[in-house]
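Below is model-v7.cif, which holds mmCIF, C-alpha atoms.
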```
data_final
loop_
_atom_site.label_atom_id
_atom_site.label_comp_id
_atom_site.auth_asym_id
_atom_site.auth_seq_id
_atom_site.Cartn_x
_atom_site.Cartn_y
_atom_site.Cartn_z
CA MET A 8 86.51 128.35 76.86
CA VAL A 9 88.96 125.57 76.07
CA GLU A 10 88.27 122.19 77.68
CA ILE A 11 91.22 119.82 77.66
CA THR A 12 90.59 116.21 78.67
CA LYS A 13 92.75 113.12 79.06
CA ASP A 14 91.78 112.18 75.49
CA THR A 15 92.89 115.49 73.97
CA ILE A 16 95.83 115.22 71.58
CA ILE A 17 98.85 117.20 72.78
CA GLY A 18 99.38 118.65 69.32
CA ASP A 19 95.82 120.01 69.38
CA ILE A 20 96.44 121.61 72.78
CA LEU A 21 99.55 123.35 71.49
CA ASP A 22 97.65 124.59 68.45
CA VAL A 23 94.88 126.26 70.50
CA ALA A 24 96.88 127.13 73.62
CA PRO A 25 100.60 127.39 72.85
CA GLN A 26 101.11 129.12 76.21
CA THR A 27 100.74 125.68 77.85
CA ALA A 28 104.04 124.41 76.38
CA PRO A 29 106.11 125.44 79.44
CA ILE A 30 103.88 123.26 81.64
CA PHE A 31 104.63 120.21 79.52
CA LEU A 32 108.32 121.08 79.43
CA SER A 33 108.48 121.55 83.20
CA ILE A 34 107.31 117.99 83.84
CA GLY A 35 109.80 116.43 81.45
CA MET A 36 107.84 116.34 78.19
CA HIS A 37 110.65 117.82 76.13
CA CYS A 38 109.71 116.36 72.76
CA LEU A 39 106.68 118.54 72.07
CA GLY A 40 107.65 119.01 68.46
CA CYS A 41 108.31 115.36 67.66
CA PRO A 42 105.75 113.50 65.55
CA SER A 43 104.70 111.08 68.29
CA SER A 44 103.83 113.81 70.78
CA ARG A 45 101.76 115.60 68.15
CA GLY A 46 99.52 112.53 67.99
CA GLU A 47 99.67 111.44 71.62
CA THR A 48 96.84 112.04 74.10
CA VAL A 49 97.42 113.71 77.45
CA GLU A 50 96.71 110.41 79.18
CA GLU A 51 99.22 108.51 77.02
CA ALA A 52 101.92 111.11 77.64
CA CYS A 53 101.29 111.04 81.38
CA MET A 54 101.59 107.26 81.45
CA VAL A 55 104.93 107.40 79.62
CA HIS A 56 106.30 110.15 81.86
CA GLY A 57 104.82 108.93 85.17
CA ILE A 58 102.71 112.06 85.68
CA ASP A 59 99.31 112.28 87.41
CA VAL A 60 96.92 113.05 84.55
CA ASP A 61 94.38 114.86 86.75
CA LYS A 62 96.97 117.23 88.20
CA LEU A 63 98.37 117.98 84.76
CA LEU A 64 94.89 118.60 83.33
CA ALA A 65 94.13 121.08 86.12
CA LEU A 66 97.30 123.06 85.35
CA VAL A 67 96.88 122.95 81.57
CA ASN A 68 93.19 123.90 81.63
CA GLU A 69 93.89 126.79 83.99
CA GLU A 70 96.65 128.14 81.75
CA ALA A 71 94.75 127.52 78.51
CA ASN A 72 91.79 129.52 79.74
CA LYS A 73 93.67 132.49 81.22
CA ALA A 74 93.69 134.25 77.86
CA ALA A 75 89.99 133.52 77.36
CA GLU A 76 88.98 135.21 80.61
#
```
Rendering of file as C-alpha coordinates:
Amino acid sequence: MVEITKDTIIGDILDVAPQTAPIFLSIGMHCLGCPSSRGETVEEACMVHGIDVDKLLALVNEEANKAAE
(Lines of atoms letter the chains of each structure in order from A and count residues from 1; the text may use other names and numbers.)
(Lines give C-alpha, C1' and ligand atoms only; values in the text may rest on other atoms or scores of the structure.)
Protein backbone atom coordinates (compact mmCIF):
# COMPACT_ATOMS: atom_id res chain seq x y z
CA MET A 1 0.00 0.00 0.00
CA VAL A 2 1.24 3.45 -0.95
CA GLU A 3 0.85 6.18 1.69
CA ILE A 4 1.17 9.70 0.34
CA THR A 5 1.41 12.53 2.86
CA LYS A 6 1.67 16.31 2.63
CA ASP A 7 5.46 15.91 2.89
CA THR A 8 5.72 13.48 -0.03
CA ILE A 9 7.63 14.82 -3.03
CA ILE A 10 5.47 15.01 -6.16
CA GLY A 11 8.22 13.45 -8.25
CA ASP A 12 8.26 10.45 -5.91
CA ILE A 13 4.48 10.08 -6.23
CA LEU A 14 4.72 10.07 -10.01
CA ASP A 15 7.48 7.46 -9.86
CA VAL A 16 5.44 4.99 -7.77
CA ALA A 17 1.95 5.91 -8.98
CA PRO A 18 2.06 7.54 -12.42
CA GLN A 19 -1.70 7.01 -12.74
CA THR A 20 -2.14 9.96 -10.34
CA ALA A 21 -0.84 12.49 -12.90
CA PRO A 22 -4.34 13.31 -14.26
CA ILE A 23 -5.43 14.33 -10.75
CA PHE A 24 -2.61 16.85 -10.52
CA LEU A 25 -3.31 18.08 -14.04
CA SER A 26 -7.04 18.47 -13.34
CA ILE A 27 -6.39 20.91 -10.50
CA GLY A 28 -4.02 23.08 -12.51
CA MET A 29 -0.65 21.51 -11.74
CA HIS A 30 0.45 21.40 -15.36
CA CYS A 31 4.20 21.48 -14.83
CA LEU A 32 4.62 17.93 -13.52
CA GLY A 33 7.75 17.39 -15.57
CA CYS A 34 9.51 20.61 -14.60
CA PRO A 35 12.43 20.40 -12.17
CA SER A 36 10.73 22.35 -9.38
CA SER A 37 7.68 20.09 -9.26
CA ARG A 38 9.91 17.02 -9.12
CA GLY A 39 11.31 18.34 -5.84
CA GLU A 40 8.20 19.99 -4.43
CA THR A 41 6.09 18.46 -1.66
CA VAL A 42 2.35 18.01 -2.00
CA GLU A 43 1.81 20.68 0.65
CA GLU A 44 4.07 23.18 -1.15
CA ALA A 45 2.31 22.58 -4.47
CA CYS A 46 -1.10 23.00 -2.87
CA MET A 47 -0.07 26.30 -1.30
CA VAL A 48 1.15 27.62 -4.67
CA HIS A 49 -2.00 26.49 -6.49
CA GLY A 50 -4.54 27.33 -3.75
CA ILE A 51 -5.66 23.71 -3.33
CA ASP A 52 -6.87 22.05 -0.12
CA VAL A 53 -4.08 19.61 0.71
CA ASP A 54 -6.33 17.17 2.59
CA LYS A 55 -8.79 16.86 -0.29
CA LEU A 56 -5.98 16.34 -2.78
CA LEU A 57 -4.33 13.72 -0.56
CA ALA A 58 -7.59 11.78 -0.32
CA LEU A 59 -7.92 11.68 -4.13
CA VAL A 60 -4.27 10.86 -4.78
CA ASN A 61 -4.09 8.12 -2.13
CA GLU A 62 -7.29 6.54 -3.43
CA GLU A 63 -5.98 6.47 -7.00
CA ALA A 64 -2.48 5.38 -6.02
CA ASN A 65 -3.82 2.38 -4.15
CA LYS A 66 -6.38 1.20 -6.72
CA ALA A 67 -3.76 -0.88 -8.51
CA ALA A 68 -2.53 -2.33 -5.22
CA GLU A 69 -5.97 -3.66 -4.27
Exercise. Can you tell me how far CA of Met54 (chain A) sits from CA of Val67 (chain A), in Å to one decimal?
Worked result: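 Value for the CA of Met54 (chain A)-CA of Val67 (chain A) distance: 16.4 Å.
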Problem set entry | Result set, the PyMOL selection byres ((chain A and resi 50) around 10) on current file, as number ranges by chain | A: 12-17, 47-49, 51-56, 58-61, 63-64
For this session: Take the PyMOL selection byres ((chain A and resi 23-31) around 10), apply it to the structure above, and return the hits as a list of chain:residue names.
Result: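 This file gives the following for the PyMOL selection byres ((chain A and resi 23-31) around 10): A:Val9, A:Ile17, A:Gly18, A:Asp19, A:Ile20, A:Leu21, A:Asp22, A:Leu32, A:Ser33, A:Ile34, A:Gly35, A:Met36, A:His37, A:Cys38, A:Leu39, A:Val49, A:Ala52, A:Cys53, A:Leu63, A:Leu66, A:Val67, A:Asn68, A:Glu69, A:Glu70, A:Ala71, A:Asn72, A:Lys73, A:Ala74.
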Please give the centre and size of the box around region 16-30 of chain A (axis-aligned, containing every atom listed in the file, 6 Å added per side), with values in Å to one decimal and written as AutoDock Vina command-line options.
```
--center_x 100.5 --center_y 122.2 --center_z 75.0 --size_x 23.2 --size_y 25.9 --size_z 25.2
```
